[in-house]
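Novice: After the structure tokens below, expect a handful of questions from me.
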4 protein chains.
Amino acid sequence: MEGEKRVVALLHGPDDKGLVAKVANWIYSHGGNILHADQHRDLEAEVFFQRVEWLHPVENWEIESKAFKAFVESLNMNAGIHLVNESPNIALFVSKTDHCFHDLVLRWRSSEYPGKIACVISNHNDLSEEAEHYGLPYYHLPVSKLNKSEAEGKQLAILEKYKIHLVILARYMQILSPEFVQNSPCSIINIHHSFLPAFVGAKPYHQAYQRGVKIIGASAHYVTEELDGGPIIQQDVARINHRHSVEDIIRRGKDLEKAVLSQAVRWHLEHRVLGYEGKTVVFD
Amino acid sequence: MEGEKRVVALLHGPDDKGLVAKVANWIYSHGGNILHADQHRDLEAEVFFQRVEWLHPVENWEIESKAFKAFVESLNMNAGIHLVNESPNIALFVSKTDHCFHDLVLRWRSSEYPGKIACVISNHNDLSEEAEHYGLPYYHLPVSKLNKSEAEGKQLAILEKYKIHLVILARYMQILSPEFVQNSPCSIINIHHSFLPAFVGAKPYHQAYQRGVKIIGASAHYVTEELDGGPIIQQDVARINHRHSVEDIIRRGKDLEKAVLSQAVRWHLEHRVLGYEGKTVVFD
Amino acid sequence: MEGEKRVVALLHGPDDKGLVAKVANWIYSHGGNILHADQHRDLEAEVFFQRVEWLHPVENWEIESKAFKAFVESLNMNAGIHLVNESPNIALFVSKTDHCFHDLVLRWRSSEYPGKIACVISNHNDLSEEAEHYGLPYYHLPVSKLNKSEAEGKQLAILEKYKIHLVILARYMQILSPEFVQNSPCSIINIHHSFLPAFVGAKPYHQAYQRGVKIIGASAHYVTEELDGGPIIQQDVARINHRHSVEDIIRRGKDLEKAVLSQAVRWHLEHRVLGYEGKTVVFD
Amino acid sequence: MEGEKRVVALLHGPDDKGLVAKVANWIYSHGGNILHADQHRDLEAEVFFQRVEWLHPVENWEIESKAFKAFVESLNMNAGIHLVNESPNIALFVSKTDHCFHDLVLRWRSSEYPGKIACVISNHNDLSEEAEHYGLPYYHLPVSKLNKSEAEGKQLAILEKYKIHLVILARYMQILSPEFVQNSPCSIINIHHSFLPAFVGAKPYHQAYQRGVKIIGASAHYVTEELDGGPIIQQDVARINHRHSVEDIIRRGKDLEKAVLSQAVRWHLEHRVLGYEGKTVVFD
């Protein structure tokens, strides 16, 4: 793979005949070698989706990538084009709870997903020492009803400063305003500690306990303006029974949250997730 | 175990000191031998629950069982007392869909749960031949808005005729009226094809598809007057992805429904389920 | 899709540059429209695998399919080419146990997988009435050490008579001889009631109980000359605990066996399984 | 609960009539109040097991606990008696791999299980800095064929110095000698990265990849003199497919190992595990 770039493109657009062949052909005729190609047709919505990963000759990559983009647009499709070895910057938003924080940092240090945690933003100071131990800049920005807009302005400035490509809400206990979501320069992934769409909003484990469900869940989703309503990327569940108190449920839920959030983050950073119409296509 | 009766008692009432000892002592001092004893304290509600299974000398069982009941009531508890070898009668309610119907009948024939399917009641005629093949009486009672009350009256008469101890709604596609639920001589178990409380009501798999969830579920619950709101006995889930059409989801859901419903039925018939405050305690 | 054939091809061979493009191009230039294309590279073994499903113009299908085969061979690959609407004949091999038998027949009647159960072969007579009820020819061929070779000869003759494309060992309690496996005109799928490679051979649930495992499993695999050693198609597991007797484990295992075997059968009949080097690639 | 001790007793011995009543009676008559009582009969081995947790009046606990022990022995049973608020000392054995190390330490800091990590012992120096950050004494004891006996002697001395009640092999890549196991003052829990009894010994994920299994597992077990042959406490599994390389399997396996090992440790420290005849009874 010396002298070649490893490229991933995520494409989608109106379904048409021969799209697989046309894309494969373009890559082949430009000297590329397809490593993985996965595609999906939503037969109801008549939309075509494709994730294609290939080795491309390194010369003139800038010109080539523009040419590929133009080619894809000539097929009426949108394309996201990514170089696999790029390591995008990530911002962690946290509050007081630390399990997802440690989990994401330790996985990053173990190279379990591509990307680089560039900074930590929190409305509390609780995790600042731990962040320092990991060598991560920590921004303590308290949020209240009065200063929310100002605090979010500072958050956005930090995202810009660090050229952040992904925000992860790692049990960040503030609701982002629609303005923040609209102005965010990048995708935002949240972990909600229920099996969505059940138990939206606050204290989902308490809700689960009250209802007497036999299984609890956690859901990672892209943040949209609708609370806990964005496209779901990953979910997982664990069995509980009448012996489990709310505290037991919370403890078990932590493991779910870590697993689900880290999986969603990896898929996103490996360019495996395409969102559309409030849902996701995950090429895993 | 010759010359002995195998007894299960399900007890619950306000928590108090020494309940485990008192119950065990009563049984022991009456010549019984405890095989299994499982108990639970709801520390929040301060309720004590116990399932105790024992071998009791066979003499004077009627007097003994009354004595046990009186003893339990002296502890301010309610008791359900059951002989393990009794085989209670079951009525299956079905419509057109046959997977839960076959599953429950075949498991009954394989002795996978105690009890005897005594009759089948349906608002359609589709499964009558299959019921006949299994040697089961089949009552075809069409239900419309106009005749619902009358039809339910006939259903109740059939339950009485066969001395039914459990009604299973095996994908029966009619909502039972509050009057039927109140007048039913026995428990009613329903299978709802979603992970309750998500996707209550009609077409839950279509709802799941629209929302883009990554996991589907099925829930077996006791029927109460609130639609899909009764105490949940068992739930299970299966992973889906964007490749699954609604038809795929329905097909996978069938397997969940069979597993979840049959498990709930077995637990109920083995006297392992205690309902209280809209929830269940399952001594599995 | 009027006037078109729906085709699936399973390809594999030495990895080479441009294979995805070449295959897609051939289909496109012959008027086909790719519905699904999934491919895999075993980077260690340097083997390329592809499953491609497309709509092909109906004219001259025989000539076209030969042309495709020749084209694929020119790329040094093997190809299995299948028409989706063909319904291949299946033979069920059973003994006394009936859960997989009923499960497979009922799923077939519900069109849960393509294919047609054409006959049932058994070394016992126990399931003959049930087979008759389902309208299936039943061949009772007792097998002993002395007559094994003769009995297998009759079995092979039946496979030929019915033009069988798949043999399913639905808890058939005889070991097929290497000669039978070699001479079988088609693939053979077996269900082994353990989580292979643990607990090969007889009484795996008893072995699991003895070892005190916390999870039991079932494995569907292609039959090869090595006992329980063929390529695994699907596996699943269920949690058990110390309360489960061997009988409980057997009962829970039945559900696993049904789920795992029927899933493997569907994947095979949908031409999603490619075996190589003792393993399988499953394009699910 | 002021002025009372919370006690757990784990009992086992030959099955006999009235054991549940006798134990409950003893506790009740000594002023105790049973919180949980769970028991199990191995009908085949005719052994009775019980875990009973109760509040005991605080006066004269030493005399009382001796009296309980004597009482239990009069029933021909063995008893382990534990005070719930005692926080036993734990030693972590590690090598280079850090995921179980961080997981166990972070869970300990979050009070997810009772007990106190008192020291870390390693045959490598890799994790010394991390241990220091957590404030844990770190003993670097290289092990070779020549010095194994000497190194194990030092390990045993450390266990004694810290009054260790549990050794956890958190991916410690040395096999303990039978002498060490015999002389260990406490239980030893190991995590083996396969679904035992499949893939005993070295490189189980590579073995799993070679065999082409569809599910991988991890097993936590007590260490005995037989390699990977001790009583299994907990197991869990994850689904893999042909797309997963050995590296992917290893990464997914890490999550299994963390979950399985920490669960086994919690059960052990909550006095929920009874080992007998190479198996465990887990009162969860």
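Chain labels follow the order of the structure tokens: the first chain is A, the next B, and so on; residue numbering restarts at 1 in every chain, and ligands are counted from 1 in their shown order.
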Hey, which bits of chain B sit within 12 Å of chain D, and for each residue what's the closest pair of atoms and how far apart in Å (one decimal), counting only C-alpha atoms, rows by chain and increasing number, as JSON lines?

Specialist:
{"residue": "B:Asp15", "atom": "CA", "partner": "D:Leu35", "partner_atom": "CA", "distance": 10.2}
{"residue": "B:Asp16", "atom": "CA", "partner": "D:Asn33", "partner_atom": "CA", "distance": 8.7}
{"residue": "B:Lys17", "atom": "CA", "partner": "D:Asn33", "partner_atom": "CA", "distance": 5.5}
{"residue": "B:Gly18", "atom": "CA", "partner": "D:Tyr28", "partner_atom": "CA", "distance": 5.7}
{"residue": "B:Leu19", "atom": "CA", "partner": "D:Ile34", "partner_atom": "CA", "distance": 8.2}
{"residue": "B:Val20", "atom": "CA", "partner": "D:Ala24", "partner_atom": "CA", "distance": 6.5}
{"residue": "B:Ala21", "atom": "CA", "partner": "D:Ala24", "partner_atom": "CA", "distance": 4.5}
{"residue": "B:Lys22", "atom": "CA", "partner": "D:Asn25", "partner_atom": "CA", "distance": 7.7}
{"residue": "B:Val23", "atom": "CA", "partner": "D:Ala21", "partner_atom": "CA", "distance": 8.0}
{"residue": "B:Ala24", "atom": "CA", "partner": "D:Ala21", "partner_atom": "CA", "distance": 4.5}
{"residue": "B:Asn25", "atom": "CA", "partner": "D:Ala21", "partner_atom": "CA", "distance": 5.1}
{"residue": "B:Trp26", "atom": "CA", "partner": "D:Ala21", "partner_atom": "CA", "distance": 8.5}
{"residue": "B:Ile27", "atom": "CA", "partner": "D:Ala21", "partner_atom": "CA", "distance": 8.0}
{"residue": "B:Tyr28", "atom": "CA", "partner": "D:Gly18", "partner_atom": "CA", "distance": 5.7}
{"residue": "B:Ser29", "atom": "CA", "partner": "D:Gly18", "partner_atom": "CA", "distance": 8.9}
{"residue": "B:His30", "atom": "CA", "partner": "D:Gly18", "partner_atom": "CA", "distance": 10.7}
{"residue": "B:Gly31", "atom": "CA", "partner": "D:Gly18", "partner_atom": "CA", "distance": 8.9}
{"residue": "B:Gly32", "atom": "CA", "partner": "D:Gly18", "partner_atom": "CA", "distance": 7.8}
{"residue": "B:Asn33", "atom": "CA", "partner": "D:Lys17", "partner_atom": "CA", "distance": 5.5}
{"residue": "B:Ile34", "atom": "CA", "partner": "D:Gly18", "partner_atom": "CA", "distance": 6.8}
{"residue": "B:Leu35", "atom": "CA", "partner": "D:Arg41", "partner_atom": "CA", "distance": 7.3}
{"residue": "B:His36", "atom": "CA", "partner": "D:Gln39", "partner_atom": "CA", "distance": 6.8}
{"residue": "B:Ala37", "atom": "CA", "partner": "D:Gln39", "partner_atom": "CA", "distance": 6.8}
{"residue": "B:Asp38", "atom": "CA", "partner": "D:Asp38", "partner_atom": "CA", "distance": 5.7}
{"residue": "B:Gln39", "atom": "CA", "partner": "D:Ala37", "partner_atom": "CA", "distance": 6.8}
{"residue": "B:His40", "atom": "CA", "partner": "D:His36", "partner_atom": "CA", "distance": 6.9}
{"residue": "B:Arg41", "atom": "CA", "partner": "D:Leu35", "partner_atom": "CA", "distance": 7.3}
{"residue": "B:Asp42", "atom": "CA", "partner": "D:Leu35", "partner_atom": "CA", "distance": 10.5}
{"residue": "B:Leu43", "atom": "CA", "partner": "D:Leu35", "partner_atom": "CA", "distance": 9.8}
{"residue": "B:Glu46", "atom": "CA", "partner": "D:Leu35", "partner_atom": "CA", "distance": 11.8}
{"residue": "B:Val47", "atom": "CA", "partner": "D:Leu35", "partner_atom": "CA", "distance": 12.0}
{"residue": "B:Phe48", "atom": "CA", "partner": "D:Leu35", "partner_atom": "CA", "distance": 9.9}
{"residue": "B:Phe49", "atom": "CA", "partner": "D:His36", "partner_atom": "CA", "distance": 10.9}
{"residue": "B:Gln50", "atom": "CA", "partner": "D:Ala37", "partner_atom": "CA", "distance": 10.3}
{"residue": "B:Arg51", "atom": "CA", "partner": "D:Asp38", "partner_atom": "CA", "distance": 11.0}
{"residue": "B:Val52", "atom": "CA", "partner": "D:Val20", "partner_atom": "CA", "distance": 10.7}
{"residue": "B:Glu53", "atom": "CA", "partner": "D:Val20", "partner_atom": "CA", "distance": 11.7}
{"residue": "B:Trp54", "atom": "CA", "partner": "D:Gly18", "partner_atom": "CA", "distance": 10.3}
{"residue": "B:Leu55", "atom": "CA", "partner": "D:Lys17", "partner_atom": "CA", "distance": 10.1}
{"residue": "B:His56", "atom": "CA", "partner": "D:Lys17", "partner_atom": "CA", "distance": 11.7}
{"residue": "B:Arg239", "atom": "CA", "partner": "D:Arg239", "partner_atom": "CA", "distance": 11.3}
{"residue": "B:Phe283", "atom": "CA", "partner": "D:Asp38", "partner_atom": "CA", "distance": 11.0}
{"residue": "B:Asp284", "atom": "CA", "partner": "D:Asp284", "partner_atom": "CA", "distance": 11.7}

Novice: May I have the residues within 9 Å of Glu225 in chain C as a list in words, using only C-alpha atoms and disregarding those fewer than 2 positions away in the same chain?

Specialist: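 The residues satisfying every condition are Leu176, Ser177, Pro178, Glu179, Val181, Gln182, Val223, Leu227, Asp228, Gly229 and Gly230 of chain C.
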
Novice: Could you write those residues out with N, CA, C and O atoms, as a short mmCIF file (atom, residue, chain, number, x, y, z; two decimals), in the first residue's frame?

Specialist:
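Final output, again.cif:
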data_model
loop_
_atom_site.label_atom_id
_atom_site.label_comp_id
_atom_site.auth_asym_id
_atom_site.auth_seq_id
_atom_site.Cartn_x
_atom_site.Cartn_y
_atom_site.Cartn_z
N LEU C 176 -23.54 -40.29 9.11
CA LEU C 176 -23.45 -40.66 7.71
C LEU C 176 -22.03 -41.15 7.40
O LEU C 176 -21.05 -40.58 7.90
N SER C 177 -21.94 -42.16 6.57
CA SER C 177 -20.61 -42.68 6.23
C SER C 177 -19.89 -41.71 5.30
O SER C 177 -20.52 -40.93 4.58
N PRO C 178 -18.55 -41.75 5.30
CA PRO C 178 -17.81 -40.92 4.34
C PRO C 178 -18.25 -41.18 2.90
O PRO C 178 -18.29 -40.26 2.09
N GLU C 179 -18.63 -42.41 2.59
CA GLU C 179 -19.06 -42.71 1.22
C GLU C 179 -20.33 -41.94 0.89
O GLU C 179 -20.48 -41.40 -0.20
N VAL C 181 -21.34 -39.16 2.20
CA VAL C 181 -21.02 -37.73 2.06
C VAL C 181 -20.39 -37.47 0.70
O VAL C 181 -20.74 -36.49 0.00
N GLN C 182 -19.47 -38.34 0.32
CA GLN C 182 -18.82 -38.14 -0.98
C GLN C 182 -19.80 -38.28 -2.14
O GLN C 182 -19.72 -37.56 -3.13
N VAL C 223 -22.04 -30.88 6.49
CA VAL C 223 -21.50 -32.17 6.87
C VAL C 223 -20.31 -32.51 5.98
O VAL C 223 -20.40 -32.41 4.76
N LEU C 227 -16.53 -35.91 11.78
CA LEU C 227 -17.71 -35.78 12.64
C LEU C 227 -17.76 -34.40 13.31
O LEU C 227 -16.82 -34.01 14.02
N ASP C 228 -18.86 -33.68 13.09
CA ASP C 228 -19.07 -32.37 13.70
C ASP C 228 -17.94 -31.40 13.39
O ASP C 228 -17.71 -30.43 14.12
N GLY C 229 -17.22 -31.67 12.30
CA GLY C 229 -16.06 -30.84 11.99
C GLY C 229 -16.23 -29.97 10.76
O GLY C 229 -15.32 -29.24 10.38
N GLY C 230 -17.39 -30.02 10.11
CA GLY C 230 -17.58 -29.27 8.87
C GLY C 230 -17.74 -27.78 9.11
O GLY C 230 -17.85 -27.32 10.25
#

Novice: Quick one: contact table of range 73-132 of chain B to range 138-162 of chain B, 12 Å max, nearest atom pair and distance in Å to one decimal per residue, counting only C-alpha atoms, chain and number order, as JSON lines?

Specialist:
{"residue": "B:Pro88", "atom": "CA", "partner": "B:Tyr162", "partner_atom": "CA", "distance": 10.2}
{"residue": "B:Asn89", "atom": "CA", "partner": "B:Tyr162", "partner_atom": "CA", "distance": 7.1}
{"residue": "B:Ile90", "atom": "CA", "partner": "B:Tyr162", "partner_atom": "CA", "distance": 8.5}
{"residue": "B:Ala91", "atom": "CA", "partner": "B:Leu159", "partner_atom": "CA", "distance": 7.2}
{"residue": "B:Leu92", "atom": "CA", "partner": "B:Tyr138", "partner_atom": "CA", "distance": 9.5}
{"residue": "B:Phe93", "atom": "CA", "partner": "B:Tyr139", "partner_atom": "CA", "distance": 9.5}
{"residue": "B:Val94", "atom": "CA", "partner": "B:His140", "partner_atom": "CA", "distance": 9.9}
{"residue": "B:Ser95", "atom": "CA", "partner": "B:His140", "partner_atom": "CA", "distance": 9.6}
{"residue": "B:Lys96", "atom": "CA", "partner": "B:His140", "partner_atom": "CA", "distance": 11.6}
{"residue": "B:Lys116", "atom": "CA", "partner": "B:Tyr162", "partner_atom": "CA", "distance": 10.8}
{"residue": "B:Ile117", "atom": "CA", "partner": "B:Tyr162", "partner_atom": "CA", "distance": 10.0}
{"residue": "B:Ala118", "atom": "CA", "partner": "B:Tyr162", "partner_atom": "CA", "distance": 6.8}
{"residue": "B:Cys119", "atom": "CA", "partner": "B:Tyr138", "partner_atom": "CA", "distance": 6.1}
{"residue": "B:Val120", "atom": "CA", "partner": "B:Tyr138", "partner_atom": "CA", "distance": 4.8}
{"residue": "B:Ile121", "atom": "CA", "partner": "B:Tyr139", "partner_atom": "CA", "distance": 4.7}
{"residue": "B:Ser122", "atom": "CA", "partner": "B:His140", "partner_atom": "CA", "distance": 5.1}
{"residue": "B:Asn123", "atom": "CA", "partner": "B:Pro142", "partner_atom": "CA", "distance": 4.1}
{"residue": "B:His124", "atom": "CA", "partner": "B:His140", "partner_atom": "CA", "distance": 6.0}
{"residue": "B:Asn125", "atom": "CA", "partner": "B:His140", "partner_atom": "CA", "distance": 5.9}
{"residue": "B:Asp126", "atom": "CA", "partner": "B:His140", "partner_atom": "CA", "distance": 9.3}
{"residue": "B:Leu127", "atom": "CA", "partner": "B:Tyr138", "partner_atom": "CA", "distance": 8.5}
{"residue": "B:Ser128", "atom": "CA", "partner": "B:Tyr138", "partner_atom": "CA", "distance": 6.0}
{"residue": "B:Glu129", "atom": "CA", "partner": "B:Tyr138", "partner_atom": "CA", "distance": 8.9}
{"residue": "B:Glu130", "atom": "CA", "partner": "B:Tyr138", "partner_atom": "CA", "distance": 9.6}
{"residue": "B:Ala131", "atom": "CA", "partner": "B:Tyr138", "partner_atom": "CA", "distance": 6.5}
{"residue": "B:Glu132", "atom": "CA", "partner": "B:Tyr138", "partner_atom": "CA", "distance": 7.4}

Novice: Set the distance at 7 Å and use only C-alpha atoms: which residues neighbour Asn76 in chain B once local chain neighbours fewer than 2 positions away are removed? I'd like the list as a list in words.

Specialist: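 So, after excluding close chain neighbours, the residues are Gly13, Pro14, Val72, Glu73, Ser74 and Asn78 of chain B.
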
Novice: Keeping only all heavy atoms, write those residues as an mmCIF file, in the first residue's frame.

Specialist:
data_model
loop_
_atom_site.group_PDB
_atom_site.id
_atom_site.type_symbol
_atom_site.label_atom_id
_atom_site.label_comp_id
_atom_site.auth_asym_id
_atom_site.auth_seq_id
_atom_site.Cartn_x
_atom_site.Cartn_y
_atom_site.Cartn_z
ATOM 1 N N GLY B 13 -47.378 -9.996 50.944
ATOM 2 C CA GLY B 13 -48.050 -9.164 51.933
ATOM 3 C C GLY B 13 -47.050 -8.196 52.518
ATOM 4 O O GLY B 13 -45.885 -8.162 52.085
ATOM 5 N N PRO B 14 -47.471 -7.422 53.501
ATOM 6 C CA PRO B 14 -46.562 -6.451 54.100
ATOM 7 C C PRO B 14 -45.358 -7.147 54.727
ATOM 8 O O PRO B 14 -45.490 -8.194 55.363
ATOM 9 C CB PRO B 14 -47.423 -5.748 55.166
ATOM 10 C CG PRO B 14 -48.664 -6.554 55.296
ATOM 11 C CD PRO B 14 -48.835 -7.341 54.052
ATOM 12 N N VAL B 72 -51.188 -18.402 56.805
ATOM 13 C CA VAL B 72 -50.615 -17.321 56.003
ATOM 14 C C VAL B 72 -51.390 -16.034 56.233
ATOM 15 O O VAL B 72 -50.811 -14.948 56.355
ATOM 16 C CB VAL B 72 -50.611 -17.722 54.515
ATOM 17 C CG1 VAL B 72 -50.315 -16.511 53.645
ATOM 18 C CG2 VAL B 72 -49.596 -18.830 54.266
ATOM 19 N N GLU B 73 -52.715 -16.163 56.298
ATOM 20 C CA GLU B 73 -53.517 -14.953 56.524
ATOM 21 C C GLU B 73 -53.260 -14.363 57.902
ATOM 22 O O GLU B 73 -53.335 -13.148 58.092
ATOM 23 C CB GLU B 73 -55.000 -15.263 56.316
ATOM 24 C CG GLU B 73 -55.345 -15.337 54.825
ATOM 25 C CD GLU B 73 -56.671 -16.024 54.542
ATOM 26 O OE1 GLU B 73 -57.381 -16.376 55.519
ATOM 27 O OE2 GLU B 73 -56.980 -16.232 53.355
ATOM 28 N N SER B 74 -52.911 -15.229 58.848
ATOM 29 C CA SER B 74 -52.573 -14.712 60.174
ATOM 30 C C SER B 74 -51.296 -13.875 60.136
ATOM 31 O O SER B 74 -51.013 -13.098 61.044
ATOM 32 C CB SER B 74 -52.408 -15.876 61.160
ATOM 33 O OG SER B 74 -51.162 -16.517 60.956
ATOM 34 N N ASN B 78 -51.447 -12.785 51.507
ATOM 35 C CA ASN B 78 -52.294 -13.559 50.609
ATOM 36 C C ASN B 78 -51.524 -14.763 50.120
ATOM 37 O O ASN B 78 -50.309 -14.695 49.939
ATOM 38 C CB ASN B 78 -52.687 -12.731 49.391
ATOM 39 C CG ASN B 78 -53.613 -11.606 49.770
ATOM 40 O OD1 ASN B 78 -54.575 -11.811 50.482
ATOM 41 N ND2 ASN B 78 -53.285 -10.400 49.288
#

Novice: Could you pull out the strand (DSSP E or B) residues of range 57-91 of chain B from DSSP and send them as JSON, numbers by chain?

Specialist: {"B": [57, 78, 79, 80, 81, 82, 83, 89, 90, 91]}

Novice: One number please: CA of Ala208 in chain B to CA of Phe195 in chain A, in Å, one decimal.

Specialist: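 Separating CA of Ala208 in chain B from CA of Phe195 in chain A is a distance of 11.9 Å.
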
Novice: Would you mind writing down, as a list in words, each residue of range 121-199 of chain A that DSSP on the backbone assigns to alpha helix (DSSP H)?

Specialist: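 Matching residues, listed in order: Ser128, Glu129, Glu130, Ala131, Glu132, His133, Lys148, Ser149, Glu150, Ala151, Glu152, Gly153, Lys154, Gln155, Leu156, Ala157, Ile158, Leu159, Glu160, Lys161, Pro178, Glu179, Phe180, Val181, Gln182 and Asn183 of chain A.
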
Novice: I need the residues from that last selection saved to file as a tab-separated table (two decimals), in the first residue's frame (with N, CA, C and O atoms), if you can.

Specialist:
chain	number	residue	atom	x	y	z
A	128	SER	N	-11.83	17.41	35.80
A	128	SER	CA	-10.68	18.17	35.27
A	128	SER	C	-9.35	17.49	35.61
A	128	SER	O	-8.45	17.43	34.77
A	129	GLU	N	-9.25	16.96	36.82
A	129	GLU	CA	-7.98	16.31	37.18
A	129	GLU	C	-7.72	15.08	36.34
A	129	GLU	O	-6.60	14.83	35.90
A	130	GLU	N	-8.77	14.30	36.13
A	130	GLU	CA	-8.61	13.10	35.31
A	130	GLU	C	-8.23	13.47	33.88
A	130	GLU	O	-7.40	12.80	33.25
A	131	ALA	N	-8.86	14.52	33.36
A	131	ALA	CA	-8.52	14.97	32.01
A	131	ALA	C	-7.05	15.38	31.95
A	131	ALA	O	-6.32	15.05	31.00
A	132	GLU	N	-6.61	16.07	32.99
A	132	GLU	CA	-5.22	16.50	33.04
A	132	GLU	C	-4.29	15.29	33.03
A	132	GLU	O	-3.28	15.27	32.33
A	133	HIS	N	-4.64	14.28	33.83
A	133	HIS	CA	-3.83	13.07	33.84
A	133	HIS	C	-3.68	12.48	32.44
A	133	HIS	O	-2.62	11.95	32.07
A	148	LYS	N	-26.89	30.34	29.15
A	148	LYS	CA	-26.80	29.21	28.21
A	148	LYS	C	-26.30	29.65	26.83
A	148	LYS	O	-25.40	29.03	26.25
A	149	SER	N	-26.89	30.72	26.32
A	149	SER	CA	-26.53	31.16	24.99
A	149	SER	C	-25.06	31.57	24.94
A	149	SER	O	-24.33	31.22	24.00
A	150	GLU	N	-24.62	32.25	25.96
A	150	GLU	CA	-23.22	32.69	26.01
A	150	GLU	C	-22.28	31.49	26.13
A	150	GLU	O	-21.25	31.40	25.44
A	151	ALA	N	-22.66	30.52	27.01
A	151	ALA	CA	-21.82	29.33	27.20
A	151	ALA	C	-21.72	28.54	25.89
A	151	ALA	O	-20.65	28.06	25.52
A	152	GLU	N	-22.84	28.43	25.21
A	152	GLU	CA	-22.81	27.69	23.95
A	152	GLU	C	-21.95	28.41	22.91
A	152	GLU	O	-21.31	27.77	22.07
A	153	GLY	N	-21.95	29.74	22.97
A	153	GLY	CA	-21.08	30.49	22.07
A	153	GLY	C	-19.62	30.14	22.33
A	153	GLY	O	-18.84	29.89	21.39
A	154	LYS	N	-19.27	30.04	23.61
A	154	LYS	CA	-17.88	29.66	23.94
A	154	LYS	C	-17.57	28.25	23.48
A	154	LYS	O	-16.48	27.96	23.00
A	155	GLN	N	-18.55	27.36	23.67
A	155	GLN	CA	-18.35	25.97	23.23
A	155	GLN	C	-18.07	25.93	21.72
A	155	GLN	O	-17.15	25.25	21.26
A	156	LEU	N	-18.88	26.65	20.97
A	156	LEU	CA	-18.70	26.65	19.51
A	156	LEU	C	-17.32	27.21	19.14
A	156	LEU	O	-16.68	26.72	18.20
A	157	ALA	N	-16.88	28.23	19.88
A	157	ALA	CA	-15.56	28.79	19.59
A	157	ALA	C	-14.46	27.76	19.84
A	157	ALA	O	-13.48	27.67	19.08
A	158	ILE	N	-14.65	26.93	20.89
A	158	ILE	CA	-13.65	25.88	21.17
A	158	ILE	C	-13.66	24.83	20.05
A	158	ILE	O	-12.61	24.37	19.61
A	159	LEU	N	-14.85	24.49	19.61
A	159	LEU	CA	-14.93	23.52	18.50
A	159	LEU	C	-14.18	24.05	17.28
A	159	LEU	O	-13.50	23.30	16.57
A	160	GLU	N	-14.32	25.32	17.05
A	160	GLU	CA	-13.64	25.90	15.89
A	160	GLU	C	-12.12	25.91	16.11
A	160	GLU	O	-11.36	25.53	15.22
A	161	LYS	N	-11.74	26.32	17.32
A	161	LYS	CA	-10.30	26.41	17.62
A	161	LYS	C	-9.60	25.08	17.38
A	161	LYS	O	-8.51	25.03	16.83
A	178	PRO	N	-31.41	24.36	20.02
A	178	PRO	CA	-31.50	24.20	18.56
A	178	PRO	C	-30.46	25.05	17.84
A	178	PRO	O	-29.91	24.62	16.82
A	179	GLU	N	-30.16	26.22	18.37
A	179	GLU	CA	-29.16	27.08	17.71
A	179	GLU	C	-27.80	26.41	17.71
A	179	GLU	O	-27.07	26.43	16.72
A	180	PHE	N	-27.44	25.81	18.86
A	180	PHE	CA	-26.14	25.12	18.91
A	180	PHE	C	-26.10	24.01	17.88
A	180	PHE	O	-25.12	23.85	17.15
A	181	VAL	N	-27.17	23.22	17.83
A	181	VAL	CA	-27.20	22.10	16.89
A	181	VAL	C	-27.07	22.60	15.46
A	181	VAL	O	-26.31	22.04	14.65
A	182	GLN	N	-27.79	23.68	15.16
A	182	GLN	CA	-27.71	24.22	13.80
A	182	GLN	C	-26.31	24.76	13.48
A	182	GLN	O	-25.82	24.61	12.36
A	183	ASN	N	-25.71	25.40	14.45
A	183	ASN	CA	-24.43	26.06	14.19
A	183	ASN	C	-23.22	25.14	14.39
A	183	ASN	O	-22.10	25.54	14.10

Novice: Find the residues near Ile81 in chain D: any atom within 7 Å, counting only C-alpha atoms, skip ones fewer than 5 places away on the same chain, and give them as an MDAnalysis selection string.

Specialist: chainID D and resid 8:10

Novice: Considering only C-alpha atoms, return as a count of residues only whatever protein or nucleic-acid residues lie within 9 Å of Gly3 in chain D, sequence-local ones (same chain, fewer than 5 positions apart) excluded.

Specialist: 4

Novice: Pick out the residues sitting within 6 Å of range 275-282 of chain D, and hand them over as a list in words; count only C-alpha atoms, and ignore anything fewer than 5 positions along from it in its own chain.

Specialist: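 Non-adjacent residues within range: Gly212 and His242 of chain C; Pro231 of chain D.
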
Novice: Between CA of Ser65 in chain C and CA of Ile189 in chain C, measure the distance and give it in Å to one decimal.

Specialist: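 Distance reported for this atom pair: 27.4 Å.
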